[in-house]
$ cat entry.cif   # mmCIF, C-alpha atoms
data_work
#
loop_
_atom_site.label_atom_id
_atom_site.label_comp_id
_atom_site.auth_asym_id
_atom_site.auth_seq_id
_atom_site.Cartn_x
_atom_site.Cartn_y
_atom_site.Cartn_z
CA MET A 1 -57.57 -2.70 20.64
CA ARG A 2 -56.74 -5.43 18.20
CA LEU A 3 -53.92 -3.42 16.69
CA LEU A 4 -51.91 -4.40 19.74
CA ASP A 5 -52.46 -8.08 18.94
CA ALA A 6 -51.32 -7.52 15.39
CA TYR A 7 -48.33 -5.66 16.78
CA VAL A 8 -47.17 -8.45 19.07
CA ASP A 9 -47.74 -10.89 16.21
CA GLY A 10 -45.53 -8.88 13.88
CA GLU A 11 -48.35 -8.38 11.39
CA LEU A 12 -48.14 -4.58 11.25
CA ASP A 13 -46.08 -2.79 8.65
CA ILE A 14 -43.33 -0.42 9.64
CA VAL A 15 -45.48 2.73 9.61
CA ALA A 16 -48.21 1.28 11.78
CA THR A 17 -45.57 -0.30 14.05
CA LEU A 18 -43.96 3.07 14.66
CA GLU A 19 -47.34 4.68 15.25
CA LEU A 20 -48.24 2.02 17.74
CA GLU A 21 -44.92 2.32 19.52
CA ARG A 22 -45.49 6.04 19.89
CA HIS A 23 -48.90 5.26 21.31
CA LEU A 24 -47.36 2.79 23.76
CA ASP A 25 -45.14 5.57 25.09
CA ASP A 26 -48.24 7.49 26.10
CA CYS A 27 -50.68 4.80 27.08
CA GLN A 28 -50.04 2.88 30.23
CA ALA A 29 -53.00 0.54 29.78
CA CYS A 30 -51.64 -0.65 26.44
CA ARG A 31 -48.15 -1.04 27.90
CA ILE A 32 -49.52 -3.26 30.64
CA GLN A 33 -51.47 -5.25 28.09
CA ARG A 34 -48.37 -5.72 25.98
CA GLY A 35 -46.48 -6.90 29.04
CA GLU A 36 -49.17 -9.45 29.72
CA TYR A 37 -49.09 -10.66 26.13
CA GLU A 38 -45.35 -11.05 26.26
CA ALA A 39 -45.48 -12.92 29.53
CA LEU A 40 -48.18 -15.18 28.11
CA ARG A 41 -46.12 -15.87 25.02
CA GLN A 42 -43.07 -16.72 27.10
CA LYS A 43 -45.07 -19.12 29.20
CA LEU A 44 -46.65 -20.76 26.18
CA GLN A 45 -43.34 -21.16 24.42
CA ALA A 46 -41.70 -22.65 27.48
CA ARG A 47 -41.17 -26.38 27.52
CA GLY A 48 -44.20 -28.49 28.06
CA PHE A 49 -46.63 -26.77 25.74
CA LEU A 50 -45.19 -28.08 22.54
CA PHE A 51 -45.89 -31.78 22.21
CA GLU A 52 -43.40 -33.80 20.27
CA ALA A 53 -44.47 -36.82 18.30
CA PRO A 54 -43.90 -39.90 20.44
CA GLN A 55 -40.99 -42.17 19.64
CA GLY A 56 -41.89 -44.78 17.11
CA LEU A 57 -44.76 -42.83 15.60
CA GLU A 58 -42.73 -42.04 12.53
CA ASN A 59 -41.92 -45.71 11.95
CA ARG A 60 -45.49 -46.82 12.55
CA LEU A 61 -46.62 -44.14 10.17
CA ARG A 62 -44.14 -45.12 7.48
CA ALA A 63 -45.33 -48.70 7.71
CA ARG A 64 -48.97 -47.71 7.36
CA LEU A 65 -48.22 -45.41 4.44
CA ARG A 66 -46.33 -48.18 2.69
CA THR A 67 -49.23 -50.62 3.02
CA ALA A 68 -51.65 -47.95 1.85
CA SER A 69 -49.70 -47.16 -1.30
CA LYS A 70 -48.89 -50.72 -2.42
CA PRO A 71 -49.95 -50.18 -6.07
CA ALA A 72 -46.72 -49.86 -8.01
CA TRP A 73 -45.23 -46.44 -7.75
CA GLY A 74 -41.74 -47.34 -8.96
CA TYR A 75 -42.27 -46.44 -12.60
CA ARG A 76 -43.28 -42.97 -11.60
CA VAL A 77 -39.97 -42.07 -10.06
CA PRO A 78 -38.43 -40.90 -13.37
CA ALA A 79 -41.50 -38.75 -14.00
CA LEU A 80 -41.16 -37.29 -10.53
CA ALA A 81 -37.47 -36.61 -11.03
CA ALA A 82 -38.27 -34.85 -14.29
CA SER A 83 -40.96 -32.72 -12.71
CA LEU A 84 -38.69 -31.85 -9.79
CA ALA A 85 -35.99 -30.78 -12.25
CA ALA A 86 -38.53 -28.65 -14.11
CA LEU A 87 -39.64 -27.18 -10.84
CA ALA A 88 -36.09 -26.29 -9.85
CA LEU A 89 -35.61 -24.64 -13.22
CA LEU A 90 -38.83 -22.66 -12.83
CA ALA A 91 -37.81 -21.60 -9.34
CA GLY A 92 -34.48 -20.46 -10.73
CA ILE A 93 -36.19 -18.38 -13.40
CA GLY A 94 -38.57 -17.06 -10.75
CA VAL A 95 -35.70 -15.86 -8.57
CA PHE A 96 -34.04 -14.27 -11.58
CA VAL A 97 -37.21 -12.41 -12.57
CA LEU A 98 -38.02 -11.34 -9.03
CA ARG A 99 -34.60 -9.78 -8.55
CA GLY A 100 -35.43 -7.39 -11.39
CA LEU A 101 -38.71 -6.55 -9.75
CA ASN A 102 -37.49 -4.97 -6.60
CA SER A 103 -39.35 -1.71 -6.99
CA THR A 104 -42.54 -3.58 -7.87
CA GLN A 105 -41.98 -5.71 -4.79
CA LEU A 106 -41.68 -2.60 -2.67
CA VAL A 107 -44.98 -1.27 -3.96
CA ALA A 108 -46.49 -4.69 -3.39
CA GLN A 109 -45.32 -4.63 0.23
CA GLU A 110 -46.91 -1.24 0.64
CA ILE A 111 -50.13 -2.48 -0.96
CA VAL A 112 -50.35 -5.33 1.53
CA SER A 113 -49.79 -2.92 4.43
CA CYS A 114 -52.53 -0.62 3.14
CA HIS A 115 -54.83 -3.61 2.79
CA ILE A 116 -54.21 -4.78 6.36
CA ARG A 117 -54.57 -1.28 7.72
CA SER A 118 -57.86 -0.78 5.93
CA LEU A 119 -59.22 -3.92 7.59
CA MET A 120 -57.87 -3.16 11.04
CA ALA A 121 -58.59 0.47 11.53
CA ASN A 122 -62.23 -0.06 10.62
CA HIS A 123 -61.81 2.37 7.80
CA LEU A 124 -62.57 0.25 4.82
CA THR A 125 -64.82 2.59 2.90
CA ASP A 126 -65.33 6.35 2.69
CA VAL A 127 -68.22 5.96 0.31
CA LEU A 128 -70.37 2.95 1.03
CA SER A 129 -72.29 1.88 -2.03
CA SER A 130 -72.69 -1.07 -4.32
CA ASP A 131 -73.64 1.28 -7.16
CA GLN A 132 -70.79 2.06 -9.52
CA HIS A 133 -72.53 5.33 -10.48
CA THR A 134 -72.36 6.50 -6.86
CA VAL A 135 -68.80 5.40 -6.20
CA LYS A 136 -67.22 6.85 -9.32
CA PRO A 137 -68.45 10.47 -8.96
CA TRP A 138 -67.46 10.39 -5.29
CA PHE A 139 -63.82 10.42 -6.31
CA SER A 140 -64.08 13.53 -8.49
CA GLY A 141 -62.43 16.42 -6.73
CA LYS A 142 -60.62 14.04 -4.40
CA VAL A 143 -58.17 12.54 -6.85
CA ASP A 144 -56.89 14.00 -10.11
CA PHE A 145 -58.15 11.13 -12.24
CA ALA A 146 -61.44 9.37 -12.87
CA PRO A 147 -61.19 5.76 -11.68
CA ALA A 148 -63.07 3.17 -13.70
CA VAL A 149 -65.51 1.61 -11.24
CA LYS A 150 -66.87 -1.70 -12.45
CA ASP A 151 -69.88 -3.60 -11.25
CA LEU A 152 -68.84 -7.24 -11.04
CA GLY A 153 -71.90 -8.42 -9.12
CA ALA A 154 -72.75 -10.87 -11.88
CA GLU A 155 -69.28 -12.40 -11.59
CA GLY A 156 -69.68 -12.83 -7.84
CA PHE A 157 -67.60 -9.86 -6.71
CA THR A 158 -69.79 -7.40 -4.82
CA LEU A 159 -68.84 -3.75 -4.93
CA GLU A 160 -68.78 -2.50 -1.33
CA GLY A 161 -67.63 1.04 -1.89
CA GLY A 162 -64.57 3.22 -2.31
CA ARG A 163 -61.95 4.92 -0.20
CA LEU A 164 -59.22 7.46 -0.58
CA ASP A 165 -55.82 6.05 0.32
CA TYR A 166 -52.24 7.18 0.22
CA LEU A 167 -49.58 5.10 -1.43
CA SER A 168 -46.22 5.58 -3.10
CA SER A 169 -46.33 9.22 -2.01
CA ARG A 170 -49.57 10.00 -3.77
CA PRO A 171 -53.32 9.79 -3.16
CA VAL A 172 -54.84 6.77 -4.82
CA ALA A 173 -58.32 5.40 -5.28
CA ALA A 174 -59.16 2.21 -3.43
CA LEU A 175 -62.21 0.28 -4.57
CA VAL A 176 -63.52 -2.32 -2.18
CA TYR A 177 -65.09 -5.55 -3.36
CA SER A 178 -66.07 -8.63 -1.46
CA ARG A 179 -66.43 -12.28 -2.30
CA ARG A 180 -67.93 -14.53 0.34
CA GLN A 181 -66.28 -13.23 3.51
CA HIS A 182 -63.11 -12.03 1.80
CA THR A 183 -62.39 -8.39 1.19
CA ILE A 184 -60.62 -7.29 -1.97
CA ASN A 185 -58.96 -3.90 -2.14
CA LEU A 186 -58.35 -2.66 -5.69
CA PHE A 187 -55.89 0.22 -5.71
CA LEU A 188 -55.53 2.31 -8.84
CA TRP A 189 -53.68 5.41 -9.88
CA PRO A 190 -52.36 6.89 -13.10
CA SER A 191 -48.95 5.83 -14.36
CA GLY A 192 -47.21 6.53 -17.60
CA ASN A 193 -46.47 2.85 -18.09
CA ALA A 194 -47.43 0.75 -21.06
CA ASP A 195 -50.18 -1.84 -20.68
CA SER A 196 -49.14 -5.01 -18.92
CA ALA A 197 -50.98 -8.25 -18.38
CA PRO A 198 -52.08 -9.29 -14.85
CA ARG A 199 -49.26 -10.74 -12.78
CA ALA A 200 -49.75 -12.53 -9.49
CA PHE A 201 -47.71 -12.12 -6.31
CA THR A 202 -47.92 -13.50 -2.81
CA ILE A 203 -46.68 -11.47 0.11
CA ARG A 204 -46.98 -12.52 3.75
CA GLY A 205 -49.71 -14.87 2.66
CA TYR A 206 -51.78 -12.27 0.86
CA ASN A 207 -52.43 -12.65 -2.82
CA LEU A 208 -51.92 -9.74 -5.16
CA VAL A 209 -52.51 -9.20 -8.86
CA HIS A 210 -51.00 -6.28 -10.66
CA TRP A 211 -51.67 -4.93 -14.15
CA THR A 212 -51.53 -1.75 -16.18
CA ARG A 213 -54.20 -0.67 -18.59
CA GLY A 214 -54.92 2.66 -20.26
CA GLN A 215 -52.07 4.37 -18.39
CA MET A 216 -53.54 3.33 -15.07
CA THR A 217 -51.81 1.06 -12.59
CA TYR A 218 -53.99 -1.51 -10.84
CA TRP A 219 -53.24 -3.58 -7.76
CA ALA A 220 -55.75 -6.05 -6.38
CA VAL A 221 -55.01 -7.52 -2.96
CA SER A 222 -56.92 -9.95 -0.80
CA ASP A 223 -56.77 -13.01 1.40
CA LEU A 224 -58.89 -14.65 -1.27
CA ASN A 225 -57.16 -17.55 -3.04
CA ALA A 226 -54.92 -16.77 -5.99
CA GLN A 227 -57.17 -18.30 -8.65
CA GLU A 228 -60.25 -16.32 -7.74
CA LEU A 229 -58.24 -13.14 -7.41
CA LYS A 230 -56.84 -13.71 -10.89
CA ALA A 231 -60.40 -14.19 -12.13
CA PHE A 232 -61.29 -10.91 -10.46
CA ALA A 233 -58.49 -9.18 -12.39
CA GLN A 234 -59.68 -10.72 -15.65
CA ASP A 235 -63.24 -9.61 -14.95
CA GLN A 236 -61.98 -6.10 -14.25
CA LEU A 237 -60.21 -6.10 -17.59
CA VAL A 238 -63.07 -7.37 -19.71
CA SER A 239 -66.11 -5.78 -18.12
CA ARG A 240 -67.28 -2.27 -18.82
CA MET B 1 -56.99 -29.00 -30.63
CA ALA B 2 -55.55 -29.66 -27.21
CA PRO B 3 -53.56 -26.77 -25.78
CA TRP B 4 -49.81 -27.11 -25.77
CA PHE B 5 -49.58 -27.75 -22.06
CA TRP B 6 -52.09 -30.56 -22.09
CA LYS B 7 -49.51 -33.29 -22.27
CA ASN B 8 -47.55 -31.89 -19.35
CA ARG B 9 -50.67 -31.55 -17.29
CA THR B 10 -51.59 -35.19 -17.56
CA ALA B 11 -48.02 -36.26 -16.94
CA GLN B 12 -47.83 -34.16 -13.78
CA ALA B 13 -51.10 -35.41 -12.43
CA ALA B 14 -49.58 -38.86 -12.08
CA PRO B 15 -47.75 -38.99 -8.72
CA ASP B 16 -50.72 -40.11 -6.65
CA GLY B 17 -48.80 -43.16 -5.54
CA ASP B 18 -45.55 -41.30 -5.08
CA LEU B 19 -44.69 -42.43 -1.58
CA PRO B 20 -41.06 -41.22 -1.34
CA GLY B 21 -42.05 -37.79 -2.60
CA PHE B 22 -44.89 -37.66 -0.13
CA GLU B 23 -42.73 -38.77 2.78
CA GLN B 24 -40.14 -36.20 1.87
CA ILE B 25 -42.54 -33.31 2.09
CA ALA B 26 -44.88 -34.58 4.82
CA LEU B 27 -42.74 -36.36 7.42
CA PRO B 28 -40.65 -33.31 8.39
CA HIS B 29 -43.87 -31.81 9.75
CA LEU B 30 -44.74 -34.78 11.93
CA ASN B 31 -44.08 -32.88 15.16
CA ALA B 32 -46.25 -29.95 14.09
CA ALA B 33 -49.00 -32.34 13.03
CA TYR B 34 -48.82 -34.23 16.30
CA ASN B 35 -48.78 -31.06 18.38
CA LEU B 36 -51.93 -29.75 16.71
CA ALA B 37 -53.72 -33.10 17.03
CA ARG B 38 -52.60 -33.39 20.65
CA TRP B 39 -54.03 -29.98 21.48
CA LEU B 40 -57.25 -30.65 19.62
CA THR B 41 -57.89 -33.96 21.38
CA ARG B 42 -55.87 -33.40 24.59
CA ASN B 43 -55.08 -37.09 24.61
CA GLU B 44 -51.98 -38.79 23.26
CA HIS B 45 -53.64 -41.90 21.88
CA ASP B 46 -56.37 -40.01 20.07
CA ALA B 47 -53.75 -37.60 18.76
CA GLU B 48 -51.73 -40.44 17.29
CA ASP B 49 -54.80 -41.96 15.64
CA ILE B 50 -55.64 -38.62 14.10
CA VAL B 51 -52.12 -38.07 12.84
CA GLN B 52 -52.06 -41.48 11.19
CA GLU B 53 -55.47 -40.99 9.65
CA ALA B 54 -54.53 -37.51 8.46
CA TYR B 55 -51.32 -38.74 6.82
CA LEU B 56 -53.23 -41.44 4.98
CA ARG B 57 -55.70 -38.85 3.75
CA ALA B 58 -52.85 -36.57 2.78
CA LEU B 59 -51.19 -39.36 0.80
CA ARG B 60 -54.41 -39.95 -1.12
CA ALA B 61 -54.70 -36.23 -1.82
CA PHE B 62 -51.02 -35.80 -2.65
CA ALA B 63 -51.71 -35.67 -6.40
CA THR B 64 -53.60 -32.45 -5.87
CA PHE B 65 -50.89 -30.88 -3.72
CA ASN B 66 -49.48 -27.78 -5.36
CA PRO B 67 -45.69 -27.80 -4.85
CA ASP B 68 -45.72 -23.99 -4.75
CA CYS B 69 -47.74 -24.13 -1.56
CA ASP B 70 -46.43 -24.51 1.94
CA ALA B 71 -46.38 -28.21 2.79
CA ARG B 72 -46.74 -27.62 6.52
CA ALA B 73 -49.88 -25.51 6.10
CA TRP B 74 -51.33 -28.05 3.66
CA LEU B 75 -50.69 -30.90 6.04
CA LEU B 76 -51.91 -29.05 9.13
CA LYS B 77 -55.14 -28.28 7.34
CA ILE B 78 -55.71 -31.98 6.76
CA VAL B 79 -54.78 -32.78 10.38
CA ARG B 80 -57.18 -30.13 11.53
CA ASN B 81 -60.05 -31.39 9.39
CA THR B 82 -59.42 -34.97 10.49
CA GLY B 83 -59.32 -33.77 14.10
CA TYR B 84 -62.58 -31.90 13.79
CA THR B 85 -64.35 -34.85 12.21
CA TRP B 86 -63.14 -36.88 15.16
CA LEU B 87 -64.21 -34.25 17.69
CA ARG B 88 -67.64 -33.93 16.14
CA ARG B 89 -68.11 -37.64 16.42
CA ASN B 90 -66.60 -38.15 19.86
CA ARG B 91 -66.96 -34.88 21.73
CA PRO B 92 -69.74 -32.86 20.14
CA LYS B 93 -69.91 -30.60 23.20
CA GLU B 94 -66.57 -29.04 22.33
CA MET B 95 -67.83 -27.87 19.01
CA MET B 96 -69.92 -25.09 20.50
CA ALA B 97 -67.45 -22.34 19.80
CA ASN B 98 -69.36 -20.91 16.86
CA ALA B 99 -72.49 -20.40 18.89
CA ARG B 100 -70.44 -18.61 21.53
CA GLU B 101 -68.69 -16.47 18.97
CA ASN B 102 -71.99 -15.36 17.54
CA ALA B 103 -73.53 -14.62 20.89
CA GLY B 104 -70.49 -12.54 21.78
CA GLU B 105 -70.50 -14.31 25.10
CA GLN B 106 -67.46 -14.43 27.29
CA ILE B 107 -65.51 -17.62 27.24
CA ALA B 108 -66.60 -20.08 29.88
CA ASN B 109 -65.57 -18.84 33.25
CA CYS B 110 -66.15 -22.03 35.14
CA LEU B 111 -63.17 -21.85 37.47
CA ASP B 112 -63.12 -23.66 40.72
CA PRO B 113 -63.26 -21.58 43.87
CA GLU B 114 -60.10 -19.55 44.39
CA SER B 115 -58.64 -22.04 46.83
CA ALA B 116 -57.94 -24.59 44.11
CA LEU B 117 -56.32 -21.88 42.07
CA LEU B 118 -53.72 -21.07 44.65
CA GLU B 119 -51.99 -24.39 44.35
CA LYS B 120 -51.73 -24.28 40.62
CA SER B 121 -48.66 -23.16 38.83
CA ASP B 122 -49.08 -20.96 35.78
CA PHE B 123 -48.22 -23.96 33.73
CA LYS B 124 -51.04 -26.08 35.02
CA LEU B 125 -53.37 -23.13 34.95
CA LEU B 126 -52.66 -22.33 31.32
CA ARG B 127 -52.92 -25.93 30.26
CA GLU B 128 -56.29 -26.23 31.85
CA ALA B 129 -57.48 -22.91 30.53
CA LEU B 130 -56.40 -23.91 27.04
CA GLY B 131 -58.23 -27.18 27.42
CA GLU B 132 -61.41 -25.47 28.47
CA MET B 133 -61.61 -22.94 25.70
CA PRO B 134 -63.37 -23.69 22.40
CA ALA B 135 -61.26 -25.75 20.01
CA GLU B 136 -61.23 -22.93 17.45
CA TYR B 137 -59.60 -20.51 19.90
CA ARG B 138 -57.15 -23.10 21.12
CA GLU B 139 -55.99 -24.04 17.65
CA ALA B 140 -55.57 -20.40 16.59
CA LEU B 141 -53.37 -19.77 19.61
CA ILE B 142 -51.35 -22.97 19.16
CA LEU B 143 -50.76 -22.29 15.47
CA ARG B 144 -49.74 -18.70 16.18
CA GLU B 145 -47.65 -19.05 19.33
CA LEU B 146 -46.20 -22.53 18.97
CA GLU B 147 -45.96 -22.97 15.22
CA GLY B 148 -45.32 -19.30 14.48
CA LEU B 149 -47.78 -19.17 11.58
CA SER B 150 -49.05 -15.90 10.12
CA TYR B 151 -52.69 -14.80 10.31
CA ARG B 152 -53.08 -15.66 6.66
CA GLU B 153 -51.70 -19.17 7.09
CA ILE B 154 -53.95 -19.80 10.07
CA SER B 155 -56.88 -18.50 8.06
CA ASP B 156 -56.07 -20.99 5.29
CA ILE B 157 -55.72 -23.91 7.66
CA THR B 158 -58.86 -23.21 9.63
CA SER B 159 -60.93 -22.04 6.63
CA ALA B 160 -61.85 -18.87 8.51
CA PRO B 161 -61.40 -15.28 7.30
CA VAL B 162 -58.38 -13.40 8.67
CA GLY B 163 -60.70 -11.18 10.71
CA THR B 164 -62.15 -14.21 12.48
CA VAL B 165 -58.67 -15.55 13.19
CA MET B 166 -57.76 -12.20 14.71
CA SER B 167 -60.78 -12.08 16.97
CA ARG B 168 -60.25 -15.68 18.08
CA LEU B 169 -56.66 -14.90 18.99
CA PHE B 170 -57.76 -11.74 20.73
CA ARG B 171 -60.32 -13.53 22.85
CA ALA B 172 -58.10 -16.48 23.62
CA ARG B 173 -55.31 -14.19 24.80
CA ARG B 174 -57.56 -11.95 26.83
CA ASP B 175 -59.03 -15.01 28.49
CA LEU B 176 -55.65 -16.48 29.38
CA CYS B 177 -54.25 -13.15 30.56
CA ALA B 178 -57.29 -12.62 32.74
CA ARG B 179 -56.86 -16.02 34.32
CA LEU B 180 -53.18 -15.49 34.91
CA SER B 181 -53.70 -12.17 36.65
CA GLN B 182 -56.59 -13.59 38.61
CA ALA B 183 -54.28 -16.32 39.84
CA MET B 184 -51.63 -13.74 40.70
CA ARG B 185 -54.11 -11.77 42.76
CA GLY B 186 -55.12 -14.99 44.43
CA VAL B 187 -51.53 -15.67 45.43
CA ARG B 188 -50.93 -12.17 46.70
CA GLY B 189 -54.21 -11.82 48.51
#
$ encode --input "entry.cif" --output "structure tokens"
Amino acid sequence: MRLLDAYVDGELDIVATLELERHLDDCQACRIQRGEYEALRQKLQARGFLFEAPQGLENRLRARLRTASKPAWGYRVPALAASLAALALLAGIGVFVLRGLNSTQLVAQEIVSCHIRSLMANHLTDVLSSDQHTVKPWFSGKVDFAPAVKDLGAEGFTLEGGRLDYLSSRPVAALVYSRRQHTINLFLWPSGNADSAPRAFTIRGYNLVHWTRGQMTYWAVSDLNAQELKAFAQDQLVSR
Amino acid sequence: MAPWFWKNRTAQAAPDGDLPGFEQIALPHLNAAYNLARWLTRNEHDAEDIVQEAYLRALRAFATFNPDCDARAWLLKIVRNTGYTWLRRNRPKEMMANARENAGEQIANCLDPESALLEKSDFKLLREALGEMPAEYREALILRELEGLSYREISDITSAPVGTVMSRLFRARRDLCARLSQAMRGVRG
């Protein structure tokens, strides 16, 4: 039961956490296992397991770094200061924008939880097919919209299948793609919102891209790196 | 025509020799870097060599460091790669974890007869058990339990999918728990 590992590591969302805690009430084996995990953690975090850098290492290191970077760096300090200032400004704008995005952030949190759950519970796909013409009709009768299922095999994103999921108090379509060993969940559902260009987020280390097109809301989420996920979103937008 | 951001791009790519900037972001993570190297090599001198080598590599790669990224994870990844290059060269036998993972085999269970176990404290027992397990399991556990990193961060550092990180943690923990309870039984019995 790897859910228990995710639980002790604080990687479950609130819903799954509550579910698991209910399960713990009933299941003695899991309670014992949790006790063992906690004891193990305490022992590991006790003194003696964490090695501190020996005294003098920092100074030796500084000396070596200085020799290694002899070529003049002085003239670059102003450039660095300027870029740091620009960075601070950008961060400031970022904070400002993010504050206005609270509801989007909430959805994004939920998306990440759905993504993790789909990987953990071994329930990634309801319909397992790399054929867009199999996946799309599967949704009819299950959701009240026809999701656009795109074959991005040529772009390096393999369609793995589709799944019905539940998000923001409504059933949504989840399309599953993979790239190398990374799984991408693409959630989509109808929204009355105007089109918006793809926007990237990072939550608990997962990358997300969100956009709106043709009155449909799209959320792509994966542990794939941000650039490739952005490319995935672009490919979704341009391909038929 | 060059895009409008072109000029900025080239200007920003400059700080490859930016030592103060590098020290500012990299030195605060010296303890984390040393801890990981120490656990990978299980030897203080080798750990120090690896840390120094890794910092030099990191300095050379500093121009490509994205300031939006977590500096600790970036640095630990370099420490880890340096450590593995070193392990491959000096202790190739420890690099067998992948074969074991694929075979689904249990982690080596080469404990001494129970008698030796009785005298060991949990502390010694765990240290030894950690030392005996494949480096990939050890590092996942160290990064999770001692550095408090998330699955995703560990996945980035170790270049392994999140699912693999989870199963490594799972196996490492089960192995350690089994050894602890075995030792307990030994003491009681």
$ interface_residues --input "entry.cif" --of "chain B" --to "chain A" --cutoff "6 Å" --atoms "all atoms listed in the file" --output "MDAnalysis selection string"
chainID B and resid 17:18 31 34:35 152
$ resolve_selection --input "entry.cif" --expression "the PyMOL selection byres ((chain B and resi 136) around 9)" --output "PyMOL selection string"
chain B and resi 40+95+97-98+133-135+137-141+158+165+168
$ resolve_selection --input "entry.cif" --expression "the PyMOL selection byres ((chain A and resi 151) around 10)" --output "list in words"
Ser130, Asp131, Gln132, His133, Ala148, Val149, Lys150, Leu152, Gly153, Ala154, Glu155, Gly156, Phe157, Thr158, Leu159, Tyr177, Asp235, Gln236, Ser239 and Arg240 of chain A
$ residues_around --input "entry.cif" --residues "range 69-79 of chain B" --least-positions-apart "2" --cutoff "7 Å" --atoms "only C-alpha atoms" --output "ChimeraX atom specification"
/B:25-26,29,33,37,50-51,54,58,66-67,81-83,153,157-158
$ atom_distance --input "entry.cif" --atom1 "CA of Leu125 in chain B" --atom2 "CA of Asn90 in chain B"
25.1 Å
$ resolve_selection --input "entry.cif" --expression "the PyMOL selection byres ((chain A and resi 125) around 9)" --output "list of chain:residue names"
A:Ser118, A:Asn122, A:His123, A:Leu124, A:Asp126, A:Val127, A:Leu128, A:Ser129, A:Glu160, A:Gly161, A:Gly162, A:Arg163, A:Leu164, A:Ala174, A:Leu175, A:Val176
$ atom_distance --input "entry.cif" --atom1 "CA of Ile111 in chain A" --atom2 "CA of Trp219 in chain A"
7.6 Å
$ atom_distance --input "entry.cif" --atom1 "CA of Val143 in chain A" --atom2 "CA of Val112 in chain A"
21.2 Å
$ closest_residue --input "entry.cif" --among "A:Leu106, A:Leu237, A:Ala16, A:Ala63" --to "Tyr55 in chain B" --atoms "all atoms listed in the file"
A:Ala63
$ build_atoms --input "entry.cif" --residues "range 123-127 of chain B" --atoms "all heavy atoms" --output "PDB file, keeping the file's coordinate frame"
ATOM      1  N   PHE B 123     -48.263 -22.926  34.759  1.00  0.00           N
ATOM      2  CA  PHE B 123     -48.220 -23.960  33.730  1.00  0.00           C
ATOM      3  C   PHE B 123     -49.495 -24.790  33.722  1.00  0.00           C
ATOM      4  O   PHE B 123     -50.156 -24.943  32.702  1.00  0.00           O
ATOM      5  CB  PHE B 123     -46.995 -24.842  33.985  1.00  0.00           C
ATOM      6  CG  PHE B 123     -46.862 -25.974  33.037  1.00  0.00           C
ATOM      7  CD1 PHE B 123     -46.419 -25.764  31.746  1.00  0.00           C
ATOM      8  CD2 PHE B 123     -47.190 -27.265  33.432  1.00  0.00           C
ATOM      9  CE1 PHE B 123     -46.300 -26.816  30.866  1.00  0.00           C
ATOM     10  CE2 PHE B 123     -47.063 -28.318  32.550  1.00  0.00           C
ATOM     11  CZ  PHE B 123     -46.615 -28.099  31.266  1.00  0.00           C
ATOM     12  N   LYS B 124     -49.828 -25.266  34.926  1.00  0.00           N
ATOM     13  CA  LYS B 124     -51.040 -26.080  35.020  1.00  0.00           C
ATOM     14  C   LYS B 124     -52.273 -25.248  34.654  1.00  0.00           C
ATOM     15  O   LYS B 124     -53.171 -25.695  33.977  1.00  0.00           O
ATOM     16  CB  LYS B 124     -51.193 -26.620  36.435  1.00  0.00           C
ATOM     17  CG  LYS B 124     -50.552 -27.981  36.601  1.00  0.00           C
ATOM     18  CD  LYS B 124     -50.666 -28.450  38.029  1.00  0.00           C
ATOM     19  CE  LYS B 124     -51.905 -29.303  38.249  1.00  0.00           C
ATOM     20  NZ  LYS B 124     -51.974 -29.764  39.654  1.00  0.00           N
ATOM     21  N   LEU B 125     -52.245 -24.025  35.173  1.00  0.00           N
ATOM     22  CA  LEU B 125     -53.370 -23.130  34.950  1.00  0.00           C
ATOM     23  C   LEU B 125     -53.613 -22.903  33.454  1.00  0.00           C
ATOM     24  O   LEU B 125     -54.728 -23.020  32.945  1.00  0.00           O
ATOM     25  CB  LEU B 125     -53.090 -21.797  35.639  1.00  0.00           C
ATOM     26  CG  LEU B 125     -54.190 -20.761  35.546  1.00  0.00           C
ATOM     27  CD1 LEU B 125     -55.174 -20.984  36.678  1.00  0.00           C
ATOM     28  CD2 LEU B 125     -53.624 -19.364  35.611  1.00  0.00           C
ATOM     29  N   LEU B 126     -52.521 -22.605  32.753  1.00  0.00           N
ATOM     30  CA  LEU B 126     -52.660 -22.330  31.320  1.00  0.00           C
ATOM     31  C   LEU B 126     -53.106 -23.565  30.564  1.00  0.00           C
ATOM     32  O   LEU B 126     -53.944 -23.495  29.671  1.00  0.00           O
ATOM     33  CB  LEU B 126     -51.320 -21.834  30.760  1.00  0.00           C
ATOM     34  CG  LEU B 126     -51.000 -20.368  31.031  1.00  0.00           C
ATOM     35  CD1 LEU B 126     -49.630 -20.025  30.494  1.00  0.00           C
ATOM     36  CD2 LEU B 126     -52.050 -19.480  30.386  1.00  0.00           C
ATOM     37  N   ARG B 127     -52.531 -24.701  30.942  1.00  0.00           N
ATOM     38  CA  ARG B 127     -52.920 -25.930  30.260  1.00  0.00           C
ATOM     39  C   ARG B 127     -54.408 -26.188  30.416  1.00  0.00           C
ATOM     40  O   ARG B 127     -55.086 -26.553  29.466  1.00  0.00           O
ATOM     41  CB  ARG B 127     -52.143 -27.104  30.841  1.00  0.00           C
ATOM     42  CG  ARG B 127     -50.998 -27.475  29.972  1.00  0.00           C
ATOM     43  CD  ARG B 127     -50.673 -28.929  30.142  1.00  0.00           C
ATOM     44  NE  ARG B 127     -49.572 -29.212  29.227  1.00  0.00           N
ATOM     45  CZ  ARG B 127     -48.907 -30.334  29.194  1.00  0.00           C
ATOM     46  NH1 ARG B 127     -49.192 -31.304  30.023  1.00  0.00           N
ATOM     47  NH2 ARG B 127     -47.964 -30.512  28.320  1.00  0.00           N
TER      48      ARG B 127
END
